[in-house]
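Source file: coords05.cif (mmCIF, C-alpha atoms and all ligand atoms)
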data_model
#
loop_
_atom_site.label_atom_id
_atom_site.label_comp_id
_atom_site.auth_asym_id
_atom_site.auth_seq_id
_atom_site.Cartn_x
_atom_site.Cartn_y
_atom_site.Cartn_z
CA MET V 1302 -107.71 -16.21 -30.15
CA VAL V 1303 -108.87 -17.36 -33.59
CA VAL V 1304 -111.90 -19.53 -34.37
CA VAL V 1305 -111.60 -21.48 -37.64
CA MET V 1306 -114.96 -22.54 -39.12
CA ASP V 1307 -115.64 -25.73 -41.12
CA THR V 1308 -115.62 -25.28 -44.92
CA ASP V 1309 -119.36 -26.05 -44.95
CA ALA V 1310 -120.30 -23.95 -41.90
CA ALA V 1311 -123.57 -22.06 -42.26
CA ALA V 1312 -123.94 -18.31 -41.78
CA ALA V 1313 -126.01 -19.08 -38.67
CA ASP V 1314 -123.04 -21.01 -37.20
CA VAL V 1315 -120.81 -17.95 -37.63
CA SER V 1316 -123.44 -15.71 -36.03
CA ALA V 1317 -123.76 -18.10 -33.09
CA VAL V 1318 -120.02 -17.88 -32.38
CA VAL V 1319 -120.07 -14.08 -32.63
CA ALA V 1320 -123.10 -13.87 -30.33
CA LYS V 1321 -121.51 -16.09 -27.68
CA VAL V 1322 -118.26 -14.09 -27.69
CA GLU V 1323 -120.08 -10.75 -27.51
CA ALA V 1324 -122.34 -11.98 -24.71
CA ALA V 1325 -119.15 -12.71 -22.75
CA GLY V 1326 -117.94 -9.14 -23.26
CA GLY V 1327 -115.51 -9.81 -26.14
CA SER V 1328 -115.35 -8.58 -29.73
CA ALA V 1329 -115.40 -10.87 -32.78
CA PHE V 1330 -114.11 -9.96 -36.26
CA VAL V 1331 -115.27 -12.18 -39.09
CA SER V 1332 -113.10 -12.71 -42.21
CA ARG V 1333 -114.65 -14.72 -45.01
CA GLY V 1334 -112.08 -16.47 -47.20
CA VAL V 1335 -112.72 -18.42 -50.40
CA ALA V 1336 -112.67 -21.78 -48.67
CA ARG V 1337 -113.55 -20.98 -45.07
CA THR V 1338 -114.37 -18.30 -42.56
CA ILE V 1339 -112.21 -17.42 -39.59
CA ILE V 1340 -113.20 -15.28 -36.62
CA GLY V 1341 -110.64 -13.25 -34.67
CA LEU V 1342 -111.49 -12.71 -30.99
CA VAL V 1343 -110.34 -9.76 -28.93
CA GLY V 1344 -110.76 -9.73 -25.16
CA ASP V 1345 -110.07 -12.02 -22.21
CA VAL V 1346 -108.49 -15.17 -23.67
CA GLU V 1347 -108.86 -17.14 -20.43
CA LEU V 1348 -112.59 -16.35 -20.40
CA PHE V 1349 -112.91 -17.35 -24.07
CA GLY V 1350 -111.28 -20.65 -23.09
CA THR V 1351 -114.26 -21.37 -20.80
CA LEU V 1352 -116.87 -20.78 -23.54
CA ASN V 1353 -116.37 -24.18 -25.17
CA LEU V 1354 -116.44 -22.60 -28.63
CA ARG V 1355 -114.99 -25.76 -30.17
CA SER V 1356 -118.20 -27.62 -29.39
CA LEU V 1357 -120.41 -25.17 -31.34
CA SER V 1358 -121.85 -26.26 -34.66
CA GLY V 1359 -119.62 -25.51 -37.67
CA VAL V 1360 -116.47 -24.82 -35.62
CA SER V 1361 -113.38 -26.65 -36.90
CA ASP V 1362 -110.70 -25.37 -34.51
CA VAL V 1363 -109.97 -22.75 -31.85
CA LEU V 1364 -106.38 -21.49 -31.74
CA ARG V 1365 -104.56 -19.42 -29.15
CA VAL V 1366 -102.36 -16.72 -30.60
CA SER V 1367 -100.78 -15.37 -27.41
CA ALA V 1368 -98.73 -17.60 -25.13
CA PRO V 1369 -100.63 -19.08 -22.16
CA TYR V 1370 -97.58 -18.42 -19.95
CA LYS V 1371 -97.96 -14.67 -19.53
CA LEU V 1372 -95.54 -13.60 -16.82
CA VAL V 1373 -92.57 -15.59 -18.08
CA SER V 1374 -93.23 -14.99 -21.77
CA ARG V 1375 -90.87 -12.89 -23.83
CA GLN V 1376 -93.82 -11.56 -25.82
CA ASN V 1377 -94.89 -9.48 -22.83
CA HIS V 1378 -91.39 -8.80 -21.51
CA PRO V 1379 -88.80 -8.46 -24.32
CA THR V 1380 -85.86 -7.55 -22.03
CA MET V 1381 -83.99 -10.61 -20.77
CA THR V 1382 -84.02 -11.06 -17.00
CA THR V 1383 -80.92 -11.27 -14.83
CA VAL V 1384 -81.44 -13.24 -11.63
CA TYR V 1385 -79.24 -12.33 -8.64
CA VAL V 1386 -78.40 -14.96 -6.04
CA GLY V 1387 -76.88 -14.29 -2.62
CA ALA V 1388 -75.92 -11.05 -0.98
CA ASP V 1389 -73.25 -8.36 -1.05
CA ASP V 1390 -69.75 -9.25 -2.23
CA ASN V 1391 -70.61 -12.81 -3.18
CA ARG V 1392 -73.74 -11.97 -5.12
CA VAL V 1393 -73.97 -13.97 -8.35
CA ALA V 1394 -75.69 -12.78 -11.53
CA ILE V 1395 -77.33 -15.25 -13.91
CA GLY V 1396 -78.41 -13.60 -17.13
CA PRO V 1397 -77.48 -12.45 -20.64
CA ALA V 1398 -74.28 -10.55 -19.79
CA THR V 1399 -72.59 -13.27 -17.75
CA PHE V 1400 -71.81 -16.97 -17.76
CA THR V 1401 -72.21 -18.68 -14.40
CA LEU V 1402 -70.69 -21.96 -13.31
CA ILE V 1403 -72.71 -23.71 -10.61
CA ALA V 1404 -70.85 -26.68 -9.16
CA GLY V 1405 -70.69 -28.90 -6.11
CA PRO V 1406 -71.52 -32.39 -4.93
CA CYS V 1407 -74.67 -34.12 -6.03
CA ALA V 1408 -75.36 -34.78 -2.35
CA VAL V 1409 -73.99 -33.29 0.84
CA GLU V 1410 -72.48 -36.37 2.51
CA SER V 1411 -70.32 -34.87 5.28
CA GLU V 1412 -68.70 -31.60 6.23
CA GLU V 1413 -65.31 -32.74 4.99
CA GLN V 1414 -66.61 -33.96 1.60
CA THR V 1415 -68.60 -30.74 1.10
CA VAL V 1416 -65.63 -28.50 1.94
CA ARG V 1417 -63.38 -30.40 -0.45
CA ALA V 1418 -65.99 -30.37 -3.22
CA ALA V 1419 -66.59 -26.64 -2.69
CA GLN V 1420 -62.89 -25.89 -2.93
CA LEU V 1421 -62.64 -27.86 -6.17
CA ALA V 1422 -65.70 -26.06 -7.52
CA LYS V 1423 -64.37 -22.64 -6.60
CA ALA V 1424 -60.94 -23.34 -8.08
CA ALA V 1425 -62.66 -24.35 -11.33
CA GLY V 1426 -64.38 -20.96 -11.52
CA ALA V 1427 -67.72 -21.75 -9.93
CA THR V 1428 -69.42 -18.84 -8.19
CA LEU V 1429 -72.51 -20.69 -6.93
CA LEU V 1430 -72.25 -23.85 -4.81
CA ARG V 1431 -74.72 -26.70 -5.29
CA GLY V 1432 -75.37 -29.67 -3.00
CA GLY V 1433 -78.41 -31.78 -2.23
CA ALA V 1434 -79.64 -32.29 1.33
CA TYR V 1435 -82.95 -33.86 0.27
CA LYS V 1436 -82.30 -36.34 -2.53
CA PRO V 1437 -85.25 -37.54 -4.61
CA ARG V 1438 -83.91 -41.03 -5.33
CA THR V 1439 -85.52 -43.52 -7.68
CA SER V 1440 -84.95 -46.28 -5.12
CA PRO V 1441 -86.20 -45.93 -1.53
CA TYR V 1442 -83.11 -47.94 -0.49
CA ALA V 1443 -80.66 -45.39 -1.93
CA PHE V 1444 -79.08 -42.60 0.15
CA GLN V 1445 -81.82 -40.03 0.72
CA GLY V 1446 -79.63 -37.13 1.84
CA LEU V 1447 -78.77 -35.71 5.26
CA GLY V 1448 -81.87 -33.48 5.44
CA ARG V 1449 -81.67 -30.60 7.91
CA ARG V 1450 -78.07 -31.46 8.86
CA GLY V 1451 -77.16 -31.34 5.16
CA LEU V 1452 -78.66 -27.87 4.85
CA GLU V 1453 -76.61 -26.68 7.82
CA ILE V 1454 -73.40 -28.11 6.38
CA LEU V 1455 -74.03 -26.60 2.96
CA ALA V 1456 -74.82 -23.16 4.37
CA GLN V 1457 -71.76 -23.21 6.61
CA VAL V 1458 -69.43 -24.34 3.81
CA GLY V 1459 -70.92 -21.70 1.51
CA ARG V 1460 -70.05 -19.03 4.08
CA GLU V 1461 -66.54 -20.44 4.54
CA VAL V 1462 -65.70 -20.48 0.84
CA GLY V 1463 -67.65 -17.28 0.06
CA MET V 1464 -70.23 -18.72 -2.31
CA PRO V 1465 -74.02 -18.53 -2.21
CA VAL V 1466 -75.67 -21.95 -2.23
CA VAL V 1467 -78.45 -23.67 -4.15
CA THR V 1468 -80.17 -26.81 -2.92
CA GLU V 1469 -83.23 -28.85 -3.81
CA VAL V 1470 -86.50 -28.79 -1.92
CA VAL V 1471 -88.76 -31.79 -2.50
CA ASP V 1472 -91.64 -31.10 -0.13
CA ALA V 1473 -93.76 -27.95 0.20
CA HIS V 1474 -93.57 -28.34 4.00
CA ASP V 1475 -89.78 -27.92 3.93
CA VAL V 1476 -89.72 -24.71 1.88
CA ASP V 1477 -89.32 -22.33 4.83
CA LEU V 1478 -86.59 -24.45 6.38
CA VAL V 1479 -84.66 -24.73 3.13
CA ALA V 1480 -85.07 -21.01 2.46
CA GLU V 1481 -83.50 -20.27 5.87
CA HIS V 1482 -80.31 -22.01 4.78
CA ALA V 1483 -80.14 -21.60 1.02
CA ASP V 1484 -79.75 -18.59 -1.26
CA MET V 1485 -81.57 -20.31 -4.12
CA LEU V 1486 -84.15 -23.11 -4.09
CA GLN V 1487 -83.99 -25.89 -6.65
CA VAL V 1488 -87.04 -27.75 -7.91
CA GLY V 1489 -85.89 -31.01 -9.44
CA THR V 1490 -87.00 -32.83 -12.54
CA ARG V 1491 -89.34 -35.16 -10.64
CA ASN V 1492 -91.20 -32.23 -9.09
CA MET V 1493 -91.49 -29.88 -12.05
CA GLN V 1494 -95.24 -30.31 -12.06
CA ASN V 1495 -95.70 -30.49 -8.30
CA PHE V 1496 -97.89 -27.40 -8.35
CA ALA V 1497 -98.23 -27.04 -4.57
CA LEU V 1498 -94.42 -27.06 -4.29
CA LEU V 1499 -94.08 -24.51 -7.12
CA GLN V 1500 -96.53 -22.19 -5.38
CA ALA V 1501 -94.72 -22.60 -2.08
CA VAL V 1502 -91.28 -21.80 -3.55
CA GLY V 1503 -92.84 -18.88 -5.40
CA SER V 1504 -93.98 -17.38 -2.10
CA VAL V 1505 -90.82 -17.54 -0.04
CA GLY V 1506 -88.74 -14.73 -1.57
CA ARG V 1507 -85.73 -16.72 -2.84
CA PRO V 1508 -84.61 -17.19 -6.44
CA VAL V 1509 -85.66 -20.53 -7.91
CA LEU V 1510 -83.76 -22.98 -10.12
CA LEU V 1511 -86.45 -24.89 -12.00
CA LYS V 1512 -85.24 -28.05 -13.67
CA ARG V 1513 -87.05 -29.47 -16.67
CA GLY V 1514 -89.34 -32.43 -16.05
CA LEU V 1515 -88.06 -35.71 -17.50
CA GLN V 1516 -90.97 -35.85 -19.92
CA ALA V 1517 -91.98 -32.21 -20.07
CA THR V 1518 -92.38 -30.16 -23.21
CA VAL V 1519 -90.92 -26.67 -23.25
CA GLU V 1520 -94.42 -25.24 -22.97
CA GLU V 1521 -95.25 -27.40 -19.92
CA TRP V 1522 -91.98 -26.27 -18.37
CA LEU V 1523 -92.83 -22.61 -18.92
CA MET V 1524 -96.29 -23.19 -17.45
CA ALA V 1525 -94.56 -24.63 -14.37
CA ALA V 1526 -92.43 -21.47 -14.19
CA GLU V 1527 -95.66 -19.48 -14.47
CA TYR V 1528 -96.87 -21.09 -11.20
CA VAL V 1529 -93.81 -19.66 -9.44
CA ALA V 1530 -94.11 -16.28 -11.16
CA GLN V 1531 -97.80 -16.04 -10.35
CA ARG V 1532 -96.89 -16.03 -6.65
CA GLY V 1533 -94.93 -12.84 -7.22
CA ASN V 1534 -91.48 -14.33 -7.81
CA LEU V 1535 -89.92 -13.71 -11.21
CA ASP V 1536 -86.41 -14.69 -10.07
CA ILE V 1537 -86.52 -18.00 -11.89
CA VAL V 1538 -83.68 -19.75 -13.73
CA LEU V 1539 -84.63 -22.62 -16.05
CA CYS V 1540 -82.31 -25.64 -16.07
CA GLU V 1541 -82.25 -28.08 -18.99
CA ARG V 1542 -81.13 -31.44 -17.58
CA GLY V 1543 -81.98 -33.92 -20.30
CA ILE V 1544 -85.24 -35.62 -21.21
CA ARG V 1545 -86.28 -39.23 -21.55
CA THR V 1546 -86.08 -40.56 -25.10
CA PHE V 1547 -85.64 -44.00 -26.72
CA GLU V 1548 -81.85 -43.53 -26.46
CA THR V 1549 -80.12 -45.51 -23.71
CA ALA V 1550 -76.46 -44.65 -24.42
CA THR V 1551 -76.80 -41.72 -22.05
CA ARG V 1552 -78.83 -41.44 -18.87
CA ASN V 1553 -81.07 -38.86 -20.54
CA THR V 1554 -80.90 -36.97 -23.83
CA LEU V 1555 -79.69 -33.40 -23.45
CA ASP V 1556 -82.04 -31.17 -25.44
CA ILE V 1557 -79.54 -28.51 -26.42
CA SER V 1558 -82.09 -26.86 -28.73
CA ALA V 1559 -84.12 -25.98 -25.64
CA VAL V 1560 -81.59 -23.22 -24.91
CA PRO V 1561 -82.22 -21.02 -27.98
CA VAL V 1562 -85.87 -22.11 -28.09
CA LEU V 1563 -86.40 -20.87 -24.52
CA HIS V 1564 -84.48 -17.68 -25.10
CA ALA V 1565 -86.93 -16.87 -27.89
CA MET V 1566 -90.01 -17.82 -25.84
CA SER V 1567 -89.11 -16.49 -22.40
CA HIS V 1568 -87.10 -13.73 -20.76
CA LEU V 1569 -85.86 -16.07 -18.02
CA PRO V 1570 -82.20 -17.19 -17.88
CA VAL V 1571 -81.41 -20.74 -18.98
CA VAL V 1572 -78.67 -22.98 -17.62
CA VAL V 1573 -77.72 -26.54 -18.57
CA ASP V 1574 -76.87 -29.50 -16.32
CA PRO V 1575 -74.75 -31.85 -18.45
CA SER V 1576 -74.03 -34.10 -15.44
CA HIS V 1577 -77.58 -35.27 -14.82
CA ALA V 1578 -78.32 -35.24 -18.55
CA SER V 1579 -75.56 -37.67 -19.52
CA GLY V 1580 -74.80 -39.51 -16.28
CA ARG V 1581 -71.27 -40.02 -17.60
CA ARG V 1582 -68.20 -38.01 -16.62
CA GLU V 1583 -66.55 -38.16 -20.04
CA LEU V 1584 -69.56 -36.49 -21.67
CA VAL V 1585 -69.89 -33.60 -19.25
CA VAL V 1586 -67.20 -31.34 -20.76
CA PRO V 1587 -68.28 -31.76 -24.42
CA LEU V 1588 -71.89 -31.10 -23.47
CA ALA V 1589 -70.92 -28.09 -21.37
CA ARG V 1590 -69.06 -26.68 -24.38
CA ALA V 1591 -72.15 -27.26 -26.51
CA ALA V 1592 -74.31 -25.49 -23.92
CA ILE V 1593 -72.02 -22.45 -23.96
CA ALA V 1594 -72.06 -22.38 -27.77
CA ALA V 1595 -75.87 -22.62 -27.79
CA GLY V 1596 -76.08 -19.50 -25.62
CA ALA V 1597 -76.71 -20.93 -22.15
CA ASP V 1598 -76.42 -18.45 -19.29
CA GLY V 1599 -74.56 -20.99 -17.19
CA VAL V 1600 -73.91 -24.66 -16.53
CA MET V 1601 -74.36 -26.74 -13.40
CA VAL V 1602 -72.08 -29.72 -12.83
CA ASP V 1603 -71.51 -32.35 -10.17
CA VAL V 1604 -68.08 -32.25 -8.50
CA HIS V 1605 -66.82 -34.76 -5.93
CA PRO V 1606 -63.38 -35.11 -4.31
CA GLU V 1607 -63.63 -38.92 -4.50
CA PRO V 1608 -66.19 -39.89 -7.15
CA GLU V 1609 -65.49 -43.57 -6.58
CA ASN V 1610 -66.80 -43.22 -3.01
CA ALA V 1611 -69.72 -40.89 -3.77
CA LEU V 1612 -73.05 -41.85 -2.18
CA CYS V 1613 -74.92 -40.45 -5.17
CA ASP V 1614 -74.16 -40.10 -8.90
CA GLY V 1615 -70.41 -40.83 -8.67
CA PRO V 1616 -70.07 -41.84 -12.36
CA GLN V 1617 -70.93 -38.31 -13.49
CA ALA V 1618 -68.93 -36.35 -10.91
CA LEU V 1619 -65.89 -34.38 -12.04
CA GLU V 1620 -62.48 -33.99 -10.40
CA GLY V 1621 -58.90 -34.00 -11.67
CA ASP V 1622 -58.35 -33.64 -15.42
CA ASP V 1623 -62.05 -33.54 -16.32
CA LEU V 1624 -62.64 -30.69 -13.92
CA ARG V 1625 -59.61 -28.84 -15.26
CA ALA V 1626 -60.97 -29.25 -18.81
CA LEU V 1627 -64.33 -27.90 -17.69
CA ALA V 1628 -62.66 -24.92 -15.99
CA GLU V 1629 -60.77 -24.16 -19.19
CA ALA V 1630 -63.93 -24.31 -21.33
CA VAL V 1631 -65.78 -22.04 -18.91
CA ARG V 1632 -62.89 -19.57 -18.81
CA ILE V 1633 -62.22 -19.38 -22.55
CA LEU V 1634 -65.49 -19.91 -24.42
CA PRO V 1635 -68.07 -17.53 -22.86
CA PRO V 1636 -65.95 -14.38 -23.46
CA LEU V 1637 -65.87 -15.30 -27.16
CA LEU V 1638 -69.65 -14.89 -27.04
CA GLY V 1639 -69.46 -11.59 -25.17
CA ARG V 1640 -70.11 -12.90 -21.68
CA ARG V 1641 -68.28 -12.16 -18.43
CA THR V 1642 -67.30 -15.21 -16.43
CA GLY V 1643 -66.04 -16.10 -12.94
CA GLN V 1644 -62.28 -16.63 -13.09
CA PRO V 1645 -60.64 -19.75 -11.64
CA ARG V 1646 -58.87 -18.95 -8.39
C1 LIG V 1701 -79.85 -32.70 -8.77
O1 LIG V 1701 -79.51 -31.71 -9.44
O2 LIG V 1701 -79.34 -33.00 -7.70
C2 LIG V 1701 -80.91 -33.60 -9.29
C3 LIG V 1701 -81.46 -34.53 -8.52
O3 LIG V 1701 -81.22 -33.35 -10.56
P1 LIG V 1701 -82.53 -33.78 -11.41
O4 LIG V 1701 -83.70 -33.28 -10.65
O5 LIG V 1701 -82.31 -33.03 -12.70
O6 LIG V 1701 -82.48 -35.26 -11.57
MN MN V 1702 -77.64 -36.28 -8.78
#
What's the structure tokens form of this structure?
Amino acid sequence: MVVVMDTDAAAADVSAVVAKVEAAGGSAFVSRGVARTIIGLVGDVELFGTLNLRSLSGVSDVLRVSAPYKLVSRQNHPTMTTVYVGADDNRVAIGPATFTLIAGPCAVESEEQTVRAAQLAKAAGATLLRGGAYKPRTSPYAFQGLGRRGLEILAQVGREVGMPVVTEVVDAHDVDLVAEHADMLQVGTRNMQNFALLQAVGSVGRPVLLKRGLQATVEEWLMAAEYVAQRGNLDIVLCERGIRTFETATRNTLDISAVPVLHAMSHLPVVVDPSHASGRRELVVPLARAAIAAGADGVMVDVHPEPENALCDGPQALEGDDLRALAEAVRILPPLLGRRTGQPR
């Protein structure tokens, strides 16, 4: 931590800062420049944060040098993490050596729809099946998901097609139930800063897919990941899914720069969801290609056998030619960047 003094700070002001830091068990190193004095602090940064140094006379600013997100920071952990999802033969790796396609219906609607969507996803090269049983809908009148029955369907279809499954949990009370049925727990955009939920998913021993909050900065997102990590779970995959901007041509604005930015700031894998970012089927493939080019460790897309009859997010769901184009992009592009990929079957 660095304390920057005002240009007209008195020597007594500098001594007061040093005394307060030393009384708290830290060390303070004073450098006097031509215009102003700065004081470097060594010791417990969190403790320094409680000293209210900014309020002392003559202090202009107090700056953190190390990242506040410690466990997920790349500073403290330079090797990139690979997160493994599922067990045995169907285990899926998400990390720097691979490119992972996660696909499936936005919502589990029925057994038949989920089976058909899973088959489409698998044929397109997906190795991890998605599907929502608890849907956090903007309108209370919209389809809210099948709940427990949806979890059972998803788990059963995952076993049938040989894919581990990821599904969203929206309530801390449901974490154990969802963890019984799912290989990976998703925290959605609306819950990125639901700290009780983050702590609960961090404690249950399943990998976590943490989507970016609609209005969250990258740092806030990493602090949310820190809540999960702090509970002993470092198996976290970050998912960029678009943020809210002034632009209305797309549902949200995909922040593609978040991919290389996060890779520099954190050791956690990063995937991109171009379906929820754009809300429009015709944009999903171009944005998926952009995500691959930007270095994403995977993409997650909505797939539906009959998008026109989907109970949730039909306009962004892929099938037919769009899904074939996505499969081709996912097969051809990642190997050009040195990544292994699941082959279409
Ligand atoms: C989802 O992936 O099903 C979903 C609801 O996404 P988001 O939280 O990004 O809106
Ligand atoms: Mn959706």
Could you tell me how far CA of Gln1500 in chain V lies from CA of Arg1438 in chain V, in Å and to one decimal?
-> 22.7 Å
Please write out the residues within 9 Å of ligand LIG 1701 (chain V) as a VMD selection string, counting only C-alpha atoms and all ligand atoms.
-> chain V and resid 1406 to 1408 1431 to 1433 1435 to 1438 1468 to 1469 1487 to 1493 1511 to 1515 1540 to 1543 1574 1576 to 1578 1601 to 1603 1614
Take the residues from that selection and put them in a file with C-alpha atoms, as a PDB file, in the frame of the given file.
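As a result, out_6.pdb now contains:
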ATOM      1  CA  PRO V1406     -71.520 -32.390  -4.930  1.00  0.00           C
ATOM      2  CA  CYS V1407     -74.670 -34.120  -6.030  1.00  0.00           C
ATOM      3  CA  ALA V1408     -75.360 -34.780  -2.350  1.00  0.00           C
ATOM      4  CA  ARG V1431     -74.720 -26.700  -5.290  1.00  0.00           C
ATOM      5  CA  GLY V1432     -75.370 -29.670  -3.000  1.00  0.00           C
ATOM      6  CA  GLY V1433     -78.410 -31.780  -2.230  1.00  0.00           C
ATOM      7  CA  TYR V1435     -82.950 -33.860   0.270  1.00  0.00           C
ATOM      8  CA  LYS V1436     -82.300 -36.340  -2.530  1.00  0.00           C
ATOM      9  CA  PRO V1437     -85.250 -37.540  -4.610  1.00  0.00           C
ATOM     10  CA  ARG V1438     -83.910 -41.030  -5.330  1.00  0.00           C
ATOM     11  CA  THR V1468     -80.170 -26.810  -2.920  1.00  0.00           C
ATOM     12  CA  GLU V1469     -83.230 -28.850  -3.810  1.00  0.00           C
ATOM     13  CA  GLN V1487     -83.990 -25.890  -6.650  1.00  0.00           C
ATOM     14  CA  VAL V1488     -87.040 -27.750  -7.910  1.00  0.00           C
ATOM     15  CA  GLY V1489     -85.890 -31.010  -9.440  1.00  0.00           C
ATOM     16  CA  THR V1490     -87.000 -32.830 -12.540  1.00  0.00           C
ATOM     17  CA  ARG V1491     -89.340 -35.160 -10.640  1.00  0.00           C
ATOM     18  CA  ASN V1492     -91.200 -32.230  -9.090  1.00  0.00           C
ATOM     19  CA  MET V1493     -91.490 -29.880 -12.050  1.00  0.00           C
ATOM     20  CA  LEU V1511     -86.450 -24.890 -12.000  1.00  0.00           C
ATOM     21  CA  LYS V1512     -85.240 -28.050 -13.670  1.00  0.00           C
ATOM     22  CA  ARG V1513     -87.050 -29.470 -16.670  1.00  0.00           C
ATOM     23  CA  GLY V1514     -89.340 -32.430 -16.050  1.00  0.00           C
ATOM     24  CA  LEU V1515     -88.060 -35.710 -17.500  1.00  0.00           C
ATOM     25  CA  CYS V1540     -82.310 -25.640 -16.070  1.00  0.00           C
ATOM     26  CA  GLU V1541     -82.250 -28.080 -18.990  1.00  0.00           C
ATOM     27  CA  ARG V1542     -81.130 -31.440 -17.580  1.00  0.00           C
ATOM     28  CA  GLY V1543     -81.980 -33.920 -20.300  1.00  0.00           C
ATOM     29  CA  ASP V1574     -76.870 -29.500 -16.320  1.00  0.00           C
ATOM     30  CA  SER V1576     -74.030 -34.100 -15.440  1.00  0.00           C
ATOM     31  CA  HIS V1577     -77.580 -35.270 -14.820  1.00  0.00           C
ATOM     32  CA  ALA V1578     -78.320 -35.240 -18.550  1.00  0.00           C
ATOM     33  CA  MET V1601     -74.360 -26.740 -13.400  1.00  0.00           C
ATOM     34  CA  VAL V1602     -72.080 -29.720 -12.830  1.00  0.00           C
ATOM     35  CA  ASP V1603     -71.510 -32.350 -10.170  1.00  0.00           C
ATOM     36  CA  ASP V1614     -74.160 -40.100  -8.900  1.00  0.00           C
TER      37      ASP V1614
END
Which value, in Å to one decimal, gives the distance between CA of Val1466 in chain V and CA of Leu1588 in chain V?
-> 23.4 Å
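The space between CA of Ala1368 in chain V and CA of Val1304 in chain V spans 16.2 Å.
Using all atoms listed in the file, the smallest distance between any of V:Thr1399, V:Gln1420, V:Gln1516, V:Ser1328 and Pro1635 in chain V comes from V:Thr1399.
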Compile the contact shell of Ala1311 in chain V as a list in words: residues with an atom at most 7 Å away, counting all atoms listed in the file, same-chain residues fewer than 3 positions apart removed.
->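 Here the answer would be Asp1314, Val1315 and Gly1359 of chain V.
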Based on the selection just made, write C-alpha atoms of those residues as a PDB file, keeping the file's coordinate frame.
ATOM      1  CA  ASP V1314    -123.040 -21.010 -37.200  1.00  0.00           C
ATOM      2  CA  VAL V1315    -120.810 -17.950 -37.630  1.00  0.00           C
ATOM      3  CA  GLY V1359    -119.620 -25.510 -37.670  1.00  0.00           C
TER       4      GLY V1359
END
Counting all atoms listed in the file, the option among V:Glu1620, V:Asp1472, V:Asp1536, V:Glu1521 closest to Val1571 in chain V =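 For Val1571 in chain V, the nearest of the given residues is V:Asp1536.
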Of the candidates V:Leu1354, V:Ala1591, V:Met1306, V:Ala1565, which one gets nearest to Gln1376 in chain V if we count all atoms listed in the file?
->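 Checking each candidate against Gln1376 in chain V, we get V:Ala1565 as the closest.
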Counting all atoms listed in the file, the option among V:Gly1344, V:Gly1463, V:Ala1589, V:Gln1494 closest to Arg1392 in chain V =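 Residue with the minimum atom-to-atom distance to Arg1392 in chain V: V:Gly1463.
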So, counting only C-alpha atoms, which residue among V:Ala1419, V:Ala1630, V:Ala1480, V:Leu1539 is closest to Gly1459 in chain V?
-> V:Ala1419
Find the residue from V:Gly1350, V:Gly1596, V:Pro1465, V:Pro1570 that sits nearest to Thr1382 in chain V; use all atoms listed in the file when measuring.
-> V:Pro1570
Please identify all polymer residues within 12 Å of Gly1334 in chain V, counting only C-alpha atoms, omitting same-chain residues fewer than 4 positions from it, and present them as a ChimeraX atom specification.
-> /V:1305-1308,1338-1340
Export range 1496-1507 of chain V of the preceding structure, keeping N, CA and C atoms, as a PDB file, in the first residue's frame.
ATOM      1  N   PHE V1496     -23.972 -12.722  -1.963  1.00  0.00           N
ATOM      2  CA  PHE V1496     -22.803 -13.254  -1.262  1.00  0.00           C
ATOM      3  C   PHE V1496     -23.121 -14.517  -0.470  1.00  0.00           C
ATOM      4  N   ALA V1497     -24.332 -14.618   0.064  1.00  0.00           N
ATOM      5  CA  ALA V1497     -24.702 -15.839   0.794  1.00  0.00           C
ATOM      6  C   ALA V1497     -24.725 -17.034  -0.173  1.00  0.00           C
ATOM      7  N   LEU V1498     -25.226 -16.790  -1.386  1.00  0.00           N
ATOM      8  CA  LEU V1498     -25.262 -17.863  -2.393  1.00  0.00           C
ATOM      9  C   LEU V1498     -23.837 -18.250  -2.805  1.00  0.00           C
ATOM     10  N   LEU V1499     -22.976 -17.259  -2.995  1.00  0.00           N
ATOM     11  CA  LEU V1499     -21.588 -17.540  -3.390  1.00  0.00           C
ATOM     12  C   LEU V1499     -20.896 -18.388  -2.320  1.00  0.00           C
ATOM     13  N   GLN V1500     -21.135 -18.042  -1.058  1.00  0.00           N
ATOM     14  CA  GLN V1500     -20.504 -18.815   0.016  1.00  0.00           C
ATOM     15  C   GLN V1500     -21.063 -20.230   0.058  1.00  0.00           C
ATOM     16  N   ALA V1501     -22.350 -20.355  -0.195  1.00  0.00           N
ATOM     17  CA  ALA V1501     -22.957 -21.694  -0.173  1.00  0.00           C
ATOM     18  C   ALA V1501     -22.414 -22.552  -1.324  1.00  0.00           C
ATOM     19  N   VAL V1502     -22.323 -21.998  -2.531  1.00  0.00           N
ATOM     20  CA  VAL V1502     -21.801 -22.819  -3.633  1.00  0.00           C
ATOM     21  C   VAL V1502     -20.307 -23.098  -3.443  1.00  0.00           C
ATOM     22  N   GLY V1503     -19.631 -22.211  -2.724  1.00  0.00           N
ATOM     23  CA  GLY V1503     -18.205 -22.437  -2.472  1.00  0.00           C
ATOM     24  C   GLY V1503     -17.955 -23.562  -1.483  1.00  0.00           C
ATOM     25  N   SER V1504     -19.004 -23.951  -0.759  1.00  0.00           N
ATOM     26  CA  SER V1504     -18.831 -24.939   0.322  1.00  0.00           C
ATOM     27  C   SER V1504     -19.281 -26.336  -0.055  1.00  0.00           C
ATOM     28  N   VAL V1505     -19.791 -26.529  -1.271  1.00  0.00           N
ATOM     29  CA  VAL V1505     -20.491 -27.781  -1.545  1.00  0.00           C
ATOM     30  C   VAL V1505     -19.657 -28.778  -2.366  1.00  0.00           C
ATOM     31  N   GLY V1506     -18.449 -28.351  -2.769  1.00  0.00           N
ATOM     32  CA  GLY V1506     -17.550 -29.317  -3.416  1.00  0.00           C
ATOM     33  C   GLY V1506     -17.855 -29.609  -4.867  1.00  0.00           C
ATOM     34  N   ARG V1507     -18.459 -28.676  -5.577  1.00  0.00           N
ATOM     35  CA  ARG V1507     -18.695 -28.824  -7.023  1.00  0.00           C
ATOM     36  C   ARG V1507     -18.070 -27.630  -7.733  1.00  0.00           C
TER      37      ARG V1507
END
